[in-house]
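Trainee: Below are the structure tokens for one structure; questions will follow.
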Amino acid sequence: MSGVKRNVLNVKQKLEILQKLDNGESASTDTEDVLNVGNTISPSATLQSLETLLDDMGQRGFDYGDITAVRKIRVDIRQEMNKQQKQRRITDFLKQ
């Protein structure tokens with residue numbers, strides 16, 4: 001995953017999110033905004049990383065449930081990629 005910029009919350013941002021959570025507010029969008037700024041990775045690179053992760057998890061003897069959860073994420077990403085590819089094909093066909 002070289003070349004992927006990793007954003008990390010600073011102390012102030014963490015405190016703000018914790019305060020919102022203490023007040024019963026949702027802080028998920030704030031967290032996502034901070035973590036996702038300039039932090040994109042292609043679906044195919046994500047799949048490659050997940051394959052590597054699954055191999056590593058298998059070698060290290062991770063719990064079956066954990067491996068199954070990662071496999072589910074992999075399936076979800078593949079389904080989304082297929083859906084986007086199908087949509088691109090339809091759009092390209094209609095442009096002709």
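Lettering and numbering for the structure tokens are positional, with chains as A, B, ... in the shown order, residues counted from 1 in each chain, and ligands counted from 1 in the shown order.
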For stretch 77-94 of chain A, list every protein, DNA or RNA residue within 10 Å, evaluated using only C-alpha atoms, and leave out those in the same chain fewer than 2 positions away; present the list as an NGL selection string.

Mentor: :A and (42-44 or 46-47 or 71-75 or 96)
